[in-house]
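Shown below: work06.txt, with compact mmCIF, C-alpha atoms and all ligand atoms.
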# COMPACT_ATOMS: atom_id res chain seq x y z
CA MET A 6 48.39 43.38 -43.57
CA THR A 7 48.35 47.04 -42.65
CA LYS A 8 45.59 48.37 -40.46
CA ILE A 9 44.67 52.03 -40.84
CA LEU A 10 43.28 53.55 -37.66
CA LYS A 11 41.66 56.99 -37.75
CA VAL A 12 42.19 59.02 -34.63
CA ASP A 13 41.24 62.40 -33.22
CA PRO A 14 44.62 64.18 -33.16
CA ILE A 15 43.81 66.26 -30.09
CA ASN A 16 41.81 63.74 -28.01
CA PRO A 17 42.95 60.35 -29.31
CA GLU A 18 40.43 57.55 -28.70
CA PRO A 19 41.68 55.07 -26.04
CA GLU A 20 40.67 52.00 -28.14
CA VAL A 21 42.84 53.18 -31.04
CA LEU A 22 45.76 53.91 -28.76
CA SER A 23 45.58 50.54 -27.00
CA GLU A 24 45.55 48.67 -30.31
CA ALA A 25 48.61 50.61 -31.49
CA VAL A 26 50.37 50.15 -28.15
CA ALA A 27 49.73 46.39 -28.26
CA THR A 28 51.26 46.30 -31.75
CA LEU A 29 54.39 48.09 -30.56
CA ALA A 30 54.61 45.90 -27.45
CA SER A 31 54.56 42.75 -29.56
CA GLY A 32 57.37 43.99 -31.83
CA GLY A 33 55.20 45.49 -34.58
CA LEU A 34 55.64 48.74 -36.47
CA VAL A 35 53.25 51.67 -36.06
CA ALA A 36 53.23 54.86 -38.15
CA PHE A 37 51.92 57.80 -36.14
CA PRO A 38 51.58 61.57 -36.40
CA THR A 39 53.94 63.87 -34.53
CA GLU A 40 53.95 67.68 -34.57
CA THR A 41 56.76 67.61 -37.17
CA VAL A 42 56.13 64.76 -39.65
CA TYR A 43 54.73 61.20 -39.40
CA GLY A 44 57.05 58.76 -37.63
CA LEU A 45 57.48 55.01 -38.06
CA GLY A 46 57.76 53.65 -34.53
CA ALA A 47 59.23 50.55 -32.93
CA ASP A 48 59.94 49.60 -29.32
CA VAL A 49 63.45 50.97 -28.82
CA PHE A 50 64.60 47.96 -26.78
CA ASN A 51 63.45 45.43 -29.38
CA SER A 52 66.34 45.16 -31.89
CA ASP A 53 64.36 42.99 -34.29
CA ALA A 54 61.56 45.54 -34.46
CA VAL A 55 64.07 48.37 -34.97
CA SER A 56 65.80 46.40 -37.74
CA LYS A 57 62.45 46.05 -39.49
CA VAL A 58 62.13 49.84 -39.51
CA PHE A 59 65.34 50.10 -41.55
CA LYS A 60 64.22 47.32 -43.84
CA VAL A 61 60.76 48.63 -44.72
CA LYS A 62 62.06 52.16 -45.32
CA GLY A 63 65.04 51.00 -47.34
CA ARG A 64 67.08 53.11 -44.92
CA PRO A 65 70.87 52.70 -44.90
CA ALA A 66 72.00 51.00 -41.67
CA ASP A 67 74.42 53.87 -40.94
CA ASN A 68 71.59 56.42 -40.59
CA PRO A 69 70.57 56.40 -36.90
CA LEU A 70 67.02 56.83 -35.59
CA ILE A 71 65.59 59.37 -33.20
CA VAL A 72 64.35 57.96 -29.90
CA HIS A 73 61.07 59.44 -28.68
CA VAL A 74 60.33 59.76 -24.97
CA ASP A 75 57.28 61.05 -23.09
CA SER A 76 59.13 62.88 -20.34
CA LEU A 77 62.46 63.89 -18.85
CA GLN A 78 62.21 60.83 -16.57
CA MET A 79 62.05 58.54 -19.58
CA LEU A 80 65.07 60.32 -21.07
CA ASP A 81 67.10 58.75 -18.24
CA GLU A 82 66.31 55.29 -19.61
CA VAL A 83 68.30 55.91 -22.79
CA VAL A 84 71.07 58.40 -21.97
CA GLU A 85 73.97 58.33 -19.53
CA GLU A 86 73.99 61.82 -18.18
CA VAL A 87 72.16 65.06 -18.86
CA PRO A 88 74.33 68.12 -18.13
CA ASP A 89 72.55 70.80 -16.09
CA ASN A 90 72.59 73.36 -18.88
CA VAL A 91 70.94 70.84 -21.24
CA LEU A 92 68.33 69.90 -18.64
CA HIS A 93 67.54 73.58 -18.24
CA VAL A 94 66.93 73.88 -22.01
CA LEU A 95 64.87 70.68 -22.23
CA LYS A 96 62.63 71.82 -19.39
CA ARG A 97 61.66 74.76 -21.57
CA ALA A 98 61.74 73.19 -25.04
CA TRP A 99 60.00 69.85 -24.40
CA PRO A 100 57.61 68.58 -25.43
CA GLY A 101 58.52 70.01 -28.82
CA PRO A 102 60.45 69.69 -32.08
CA LEU A 103 63.94 69.74 -30.55
CA THR A 104 66.15 66.63 -30.75
CA VAL A 105 69.32 66.47 -28.65
CA ILE A 106 72.34 64.21 -29.06
CA LEU A 107 73.61 62.71 -25.80
CA ARG A 108 75.71 59.68 -24.80
CA LYS A 109 73.63 56.53 -24.95
CA LYS A 110 73.13 53.95 -22.23
CA PRO A 111 74.56 50.51 -23.12
CA THR A 112 71.01 49.11 -23.02
CA VAL A 113 70.07 51.05 -26.15
CA PRO A 114 70.62 48.59 -29.02
CA ASN A 115 73.38 49.55 -31.45
CA VAL A 116 71.03 49.18 -34.39
CA VAL A 117 69.14 52.26 -33.12
CA THR A 118 72.19 54.54 -33.21
CA ALA A 119 73.89 52.90 -36.20
CA GLY A 120 76.71 51.90 -33.89
CA LEU A 121 77.35 55.46 -32.66
CA PRO A 122 78.03 55.97 -28.93
CA ALA A 123 75.53 58.85 -28.97
CA VAL A 124 71.77 58.76 -29.29
CA ALA A 125 69.31 61.35 -30.60
CA VAL A 126 66.31 61.91 -28.31
CA ARG A 127 63.23 64.07 -28.32
CA CYS A 128 59.88 64.39 -26.59
CA PRO A 129 57.18 65.05 -29.21
CA ALA A 130 54.39 67.57 -28.56
CA HIS A 131 51.69 65.71 -30.51
CA PRO A 132 48.96 64.20 -28.25
CA VAL A 133 48.91 60.94 -30.28
CA ALA A 134 52.68 60.47 -30.20
CA LEU A 135 52.84 61.25 -26.48
CA ALA A 136 49.97 58.91 -25.62
CA LEU A 137 51.55 56.07 -27.61
CA ILE A 138 54.87 56.34 -25.78
CA LYS A 139 53.12 56.66 -22.43
CA GLY A 140 50.96 53.66 -23.22
CA LEU A 141 53.97 51.53 -24.14
CA GLY A 142 55.84 52.76 -21.08
CA ARG A 143 59.09 52.65 -23.02
CA PRO A 144 60.78 54.93 -25.54
CA VAL A 145 59.86 54.58 -29.21
CA ALA A 146 62.52 54.67 -31.93
CA ALA A 147 61.06 56.41 -34.94
CA PRO A 148 62.45 57.89 -38.13
CA SER A 149 60.11 59.61 -40.58
CA ALA A 150 57.50 57.22 -42.01
CA ASN A 151 58.52 57.53 -45.67
CA LEU A 152 60.54 55.42 -48.05
CA SER A 153 64.16 56.48 -47.70
CA GLY A 154 64.98 59.41 -49.98
CA LYS A 155 61.38 60.57 -50.44
CA PRO A 156 59.98 63.72 -48.85
CA SER A 157 58.88 63.07 -45.26
CA PRO A 158 55.16 62.37 -44.81
CA THR A 159 52.99 65.16 -43.47
CA THR A 160 49.67 63.33 -43.95
CA ALA A 161 48.57 59.72 -43.44
CA GLU A 162 48.01 59.52 -47.20
CA HIS A 163 51.76 60.04 -47.76
CA VAL A 164 52.50 57.20 -45.33
CA ILE A 165 49.96 54.94 -47.04
CA ASN A 166 51.51 55.67 -50.45
CA ASP A 167 54.98 54.71 -49.18
CA LEU A 168 54.41 51.99 -46.58
CA TYR A 169 51.01 50.34 -47.00
CA GLY A 170 51.45 46.57 -46.78
CA LYS A 171 54.85 46.91 -45.11
CA VAL A 172 53.91 48.05 -41.60
CA ASP A 173 51.35 46.80 -39.07
CA VAL A 174 49.45 49.97 -38.22
CA ILE A 175 49.12 53.44 -39.74
CA ILE A 176 47.43 55.92 -37.41
CA ASP A 177 45.68 58.62 -39.41
CA GLY A 178 45.68 61.77 -37.29
CA GLY A 179 45.38 64.27 -40.14
CA ASP A 180 48.03 66.82 -41.09
CA THR A 181 51.10 67.27 -38.93
CA PHE A 182 51.60 70.74 -37.44
CA PHE A 183 55.03 71.94 -38.61
CA GLY A 184 55.65 69.84 -41.73
CA VAL A 185 59.45 69.66 -41.43
CA GLU A 186 61.50 67.34 -39.24
CA SER A 187 62.74 68.33 -35.79
CA THR A 188 65.74 70.55 -35.14
CA VAL A 189 68.70 68.30 -34.22
CA ILE A 190 71.45 69.69 -32.00
CA ASN A 191 74.56 68.02 -30.62
CA VAL A 192 74.85 69.14 -27.01
CA LEU A 193 78.02 67.08 -26.42
CA THR A 194 80.06 69.91 -27.94
CA ASP A 195 80.58 73.34 -26.42
CA PRO A 196 79.08 75.42 -27.92
CA PRO A 197 76.35 73.02 -29.10
CA THR A 198 76.45 72.16 -32.82
CA LEU A 199 73.40 72.37 -35.06
CA LEU A 200 73.09 69.11 -37.01
CA ARG A 201 69.76 69.64 -38.74
CA PRO A 202 67.77 72.89 -38.93
CA GLY A 203 64.09 72.51 -38.06
CA PRO A 204 61.11 74.29 -36.52
CA ILE A 205 63.18 75.63 -33.61
CA GLY A 206 65.23 78.26 -35.45
CA LEU A 207 68.80 79.32 -34.83
CA GLU A 208 67.65 82.54 -33.17
CA GLU A 209 65.55 80.54 -30.70
CA LEU A 210 68.35 78.04 -30.03
CA THR A 211 70.74 80.85 -29.25
CA LYS A 212 68.27 82.18 -26.70
CA LEU A 213 67.56 78.75 -25.21
CA PHE A 214 71.24 77.88 -24.74
CA GLY A 215 72.28 81.42 -23.91
CA LYS A 216 75.17 81.30 -26.36
CA ASP A 217 75.98 81.29 -30.07
CA ILE A 218 75.40 77.90 -31.66
CA ASN A 219 78.04 76.32 -33.86
CA VAL A 220 76.61 76.05 -37.39
CA PRO A 221 78.81 74.06 -39.79
CA GLN A 222 78.56 75.46 -43.32
CA HIS A 223 77.14 72.23 -44.76
CA ILE A 224 74.11 72.57 -42.44
CA ARG A 225 72.72 75.07 -44.87
CA GLY A 226 72.47 72.14 -47.27
CA PHE A 227 75.05 73.10 -49.87
CA SER A 228 77.57 70.27 -49.70
CA GLU A 229 77.53 66.73 -48.41
CA ALA A 230 79.28 65.81 -45.18
CA GLU A 231 81.71 62.90 -45.43
CA VAL A 232 80.76 61.32 -42.13
CA ALA A 233 77.27 60.30 -41.09
CA LEU A 234 77.38 62.55 -38.04
CA SER A 235 73.98 63.83 -38.92
CA PRO A 236 72.91 61.38 -41.57
CA GLY A 237 70.30 63.66 -43.04
CA MET A 238 73.25 65.39 -44.69
CA LYS A 239 74.72 62.36 -46.31
CA TYR A 240 72.04 61.13 -48.67
CA ARG A 241 69.92 62.84 -51.29
CA HIS A 242 66.79 63.42 -49.39
CA TYR A 243 63.35 64.93 -49.31
CA ALA A 244 63.34 64.75 -53.07
CA PRO A 245 60.65 64.33 -55.70
CA GLU A 246 61.56 61.97 -58.52
CA LYS A 247 61.41 64.73 -61.11
CA PRO A 248 64.35 67.11 -61.39
CA LEU A 249 64.07 70.23 -59.27
CA VAL A 250 65.84 73.50 -60.03
CA LEU A 251 66.20 75.82 -57.03
CA ILE A 252 66.62 79.55 -57.62
CA GLU A 253 67.85 81.51 -54.66
CA LEU A 254 68.88 85.07 -53.96
CA SER A 255 71.08 86.39 -51.20
CA ASP A 256 68.35 88.94 -50.44
CA TYR A 257 64.61 88.60 -51.00
CA GLY A 258 63.86 92.29 -50.45
CA ASP A 259 63.03 92.85 -54.13
CA LEU A 260 60.88 89.98 -55.37
CA SER A 261 60.87 91.23 -58.97
CA LYS A 262 64.48 90.01 -59.19
CA LEU A 263 63.42 86.55 -58.08
CA VAL A 264 60.52 86.49 -60.53
CA ASN A 265 62.85 87.53 -63.39
CA GLU A 266 65.34 84.78 -62.56
CA VAL A 267 62.59 82.18 -62.40
CA LEU A 268 61.08 83.37 -65.69
CA THR A 269 64.49 83.24 -67.40
CA VAL A 270 65.03 79.64 -66.33
CA VAL A 271 61.46 78.64 -67.18
CA ASN A 272 61.80 80.13 -70.66
CA GLU A 273 65.12 78.37 -71.23
CA LEU A 274 63.66 75.02 -70.19
CA THR A 275 60.45 75.55 -72.16
CA SER A 276 62.29 76.44 -75.35
CA SER A 277 64.34 73.27 -74.95
CA GLY A 278 61.06 71.35 -75.09
CA PHE A 279 60.54 70.62 -71.38
CA LYS A 280 57.20 70.93 -69.62
CA VAL A 281 57.85 73.05 -66.55
CA ALA A 282 56.12 73.56 -63.19
CA VAL A 283 56.90 76.55 -61.00
CA ILE A 284 56.76 76.24 -57.22
CA GLY A 285 56.40 79.78 -55.98
CA SER A 286 54.79 81.83 -53.25
CA ASP A 287 51.49 83.71 -52.91
CA GLU A 288 53.37 86.97 -53.57
CA THR A 289 54.86 85.84 -56.90
CA LEU A 290 52.64 83.16 -58.41
CA SER A 291 50.53 85.46 -60.61
CA TYR A 292 53.65 86.47 -62.60
CA TYR A 293 54.16 82.96 -63.94
CA THR A 294 51.44 83.11 -66.54
CA ASP A 295 52.32 80.24 -68.86
CA ALA A 296 53.53 77.63 -66.40
CA VAL A 297 51.84 74.98 -64.29
CA LYS A 298 52.14 76.57 -60.86
CA LEU A 299 51.95 75.63 -57.21
CA SER A 300 52.26 77.95 -54.22
CA LEU A 301 54.03 77.06 -51.00
CA GLY A 302 52.12 79.85 -49.24
CA SER A 303 52.88 83.39 -48.21
CA ARG A 304 56.44 84.62 -47.65
CA LYS A 305 55.07 86.48 -44.64
CA ASN A 306 54.40 83.16 -42.90
CA LEU A 307 57.31 80.76 -43.28
CA TYR A 308 55.55 78.28 -40.95
CA GLU A 309 52.90 77.94 -43.64
CA VAL A 310 55.59 77.42 -46.30
CA ALA A 311 57.24 74.72 -44.17
CA LYS A 312 53.92 73.02 -43.61
CA ASN A 313 53.18 72.83 -47.34
CA LEU A 314 56.71 71.99 -48.49
CA PHE A 315 56.73 68.19 -48.56
CA LYS A 316 53.15 67.92 -49.81
CA VAL A 317 54.00 70.18 -52.75
CA LEU A 318 57.24 68.29 -53.48
CA ARG A 319 55.29 65.03 -53.56
CA ASN A 320 52.66 66.62 -55.85
CA VAL A 321 55.32 67.52 -58.41
CA ASP A 322 55.66 63.85 -59.27
CA ARG A 323 51.94 63.64 -60.09
CA LEU A 324 51.94 66.59 -62.48
CA ASP A 325 52.36 66.20 -66.21
CA VAL A 326 55.68 68.07 -66.24
CA ASP A 327 59.33 67.15 -66.82
CA VAL A 328 60.94 69.50 -64.35
CA ALA A 329 60.02 71.90 -61.54
CA VAL A 330 61.58 75.27 -60.78
CA VAL A 331 61.28 76.32 -57.13
CA GLU A 332 61.81 79.71 -55.51
CA GLY A 333 64.12 80.10 -52.54
CA PHE A 334 63.08 81.65 -49.21
CA GLU A 335 64.70 83.82 -46.60
CA GLU A 336 66.82 81.79 -44.14
CA LYS A 337 65.15 83.26 -41.07
CA GLY A 338 63.65 81.13 -38.26
CA ILE A 339 62.14 78.02 -39.84
CA GLY A 340 63.38 79.39 -43.21
CA LEU A 341 66.78 77.80 -42.57
CA ALA A 342 65.07 74.38 -42.42
CA ILE A 343 63.08 75.15 -45.58
CA MET A 344 66.24 76.06 -47.51
CA ASN A 345 68.18 73.08 -46.12
CA ARG A 346 65.44 70.71 -47.40
CA LEU A 347 65.14 72.49 -50.76
CA ARG A 348 68.90 72.44 -51.37
CA LYS A 349 69.00 68.73 -50.60
CA ALA A 350 66.04 68.03 -52.86
CA ALA A 351 67.32 70.13 -55.77
CA THR A 352 69.16 68.55 -58.66
CA ARG A 353 70.39 71.96 -59.81
CA LYS A 354 70.89 75.15 -57.83
CA LEU A 355 71.12 78.66 -59.20
CA ILE A 356 72.36 81.14 -56.68
CA LYS A 357 72.18 84.85 -57.42
CA THR A 358 73.95 87.29 -55.18
CA TYR A 359 72.03 90.53 -55.42
P1 LIG B 401 64.72 60.97 -39.41
O1 LIG B 401 64.33 60.17 -38.23
O2 LIG B 401 64.43 60.29 -40.71
O3 LIG B 401 64.20 62.35 -39.32
O4 LIG B 401 66.29 61.08 -39.35
C1 LIG B 401 66.93 61.06 -38.10
C2 LIG B 401 67.93 62.18 -37.99
O5 LIG B 401 68.34 62.28 -36.66
C3 LIG B 401 69.19 61.93 -38.75
O6 LIG B 401 69.12 62.39 -40.06
C4 LIG B 401 70.19 62.72 -37.92
O7 LIG B 401 70.15 64.07 -38.31
C5 LIG B 401 69.70 62.61 -36.53
N1 LIG B 401 70.39 61.63 -35.67
C6 LIG B 401 69.84 60.50 -35.17
N2 LIG B 401 70.71 59.87 -34.36
C7 LIG B 401 71.83 60.58 -34.34
C8 LIG B 401 73.09 60.42 -33.66
N3 LIG B 401 73.33 59.40 -32.83
N4 LIG B 401 74.04 61.35 -33.89
C9 LIG B 401 73.78 62.39 -34.71
N5 LIG B 401 72.60 62.60 -35.35
C10 LIG B 401 71.64 61.72 -35.18
MG MG B 402 63.70 60.88 -42.49
Let me see the structure of the file written as structure tokens.
Amino acid sequence: MTKILKVDPINPEPEVLSEAVATLASGGLVAFPTETVYGLGADVFNSDAVSKVFKVKGRPADNPLIVHVDSLQMLDEVVEEVPDNVLHVLKRAWPGPLTVILRKKPTVPNVVTAGLPAVAVRCPAHPVALALIKGLGRPVAAPSANLSGKPSPTTAEHVINDLYGKVDVIIDGGDTFFGVESTVINVLTDPPTLLRPGPIGLEELTKLFGKDINVPQHIRGFSEAEVALSPGMKYRHYAPEKPLVLIELSDYGDLSKLVNEVLTVVNELTSSGFKVAVIGSDETLSYYTDAVKLSLGSRKNLYEVAKNLFKVLRNVDRLDVDVAVVEGFEEKGIGLAIMNRLRKAATRKLIKTY
């Protein structure tokens, strides 16, 4: 049985929190909102509970979970040592959507880190997530609360669609704030290595760490990494079931070029007998006269685009179409995360270098 508990996202009701905390404390699974996406939480020190998280998501056992803490003090319960420069960054970036990779304490069960000696940790900025961890008094291991491979959930409805009947509690705290998963950075290397782009952009990371960040080419989402260093790279992810064609330009200064590319592909697909949806932006949508169309928002506000991304990808599967064509976005700030997710979700990519 799954219990759905509505909560005020800003001032969560104590009765709701205590019920969810009791569930976690007794080894149950609780889906809860964070500022990035919904998480599926388990008591980090309860291996059986953590194993259940993998099972209900259908998540490969070699894809480690992020451990959520409520403070820098709690960070000490799961990691060996925090270098001064990292502490300095975390003091400024937490609570927030920044996950760091550090060496794990032996007490952190291997199932959490998929056997890796390092653990991913973050302190979420969402009042509900923070209150849950505080209430439990222990860190909470939580991947995104979706079935493995599907777009991450940004509303409780997404969680219900994927996990109803499989978890104990789903806390409905409305829409998440950012809509894409946290930025993941490995701070065990010098310079630090970006493992997953997210709401904290590369420009911001460079400022926080006071140095250039190492960005492996595959981070942009083009090719698969062989090793599950950052498992998000290894599996097809964030994807609707219907095929998705991504059209990207090297420069989005002249949107008429983008519109022309999209129209060419749409016409090709339509004349081959496919029903096509276009996922565009407020600036371009009116040009796609004959297609079913969805906007991700304005190109002037990439935070809005990120926030709508997974909802729109999930909606594609509900439309009476065979294929969707999606526009690319500038890789600036959170745009790098948007393009990383789109490239992973796409079945076909068309890249135009203008
Ligand atoms: P999810 O919780 O579904 O957002 O996925 C967790 C993500 O955290 C993975 O895809 C990795 O990018 C990252 N991650 C978690 N643990 C580790 C680790 N020990 N080393 C490297 N990356 C990790
Ligand atoms: Mg996930």
Find the residues around segment 290-298 of chain A up to 12 Å (all atoms listed in the file counted), leave out those fewer than 5 positions away in its own chain, and share them as an MDAnalysis selection string. chainID A and resid 260:272 274:275 279:285 303:304 317 320:321 324:332
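All residues that come within 7 Å of the coordinates (64.0, 63.6, -28.0), counting all atoms listed in the file, are given as Ile71, Val72, His73, Val74, Leu103, Thr104, Val105, Ala125, Val126, Arg127 and Cys128 of chain A.
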For the contact check between chain A and ligand MG 402 (chain B), emit one row per residue of chain A within 6 Å, containing the shortest atom pair and the distance in Å rounded to one decimal, counting only C-alpha atoms and all ligand atoms, chain then rising number order, as a tab-separated table.
residue	atom	partner	partner_atom	distance
A:Pro148	CA	B:MG402	MG	5.4
A:Ser149	CA	B:MG402	MG	4.3
A:Ser157	CA	B:MG402	MG	6.0
Within 9 Å of ligand LIG 401 (chain B), counting only C-alpha atoms and all ligand atoms, which protein or nucleic acid residues do you find, written as a PyMOL selection string? chain A and resi 42+44-45+64+68-72+104-109+117-126+146-151+153+157+185-191+200-201+233-239
Would you work out the distance separating atom CA of Trp99 of chain A from atom CA of Met79 of chain A, expressed in Å to one decimal?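 Distance between the two atoms: 12.5 Å.
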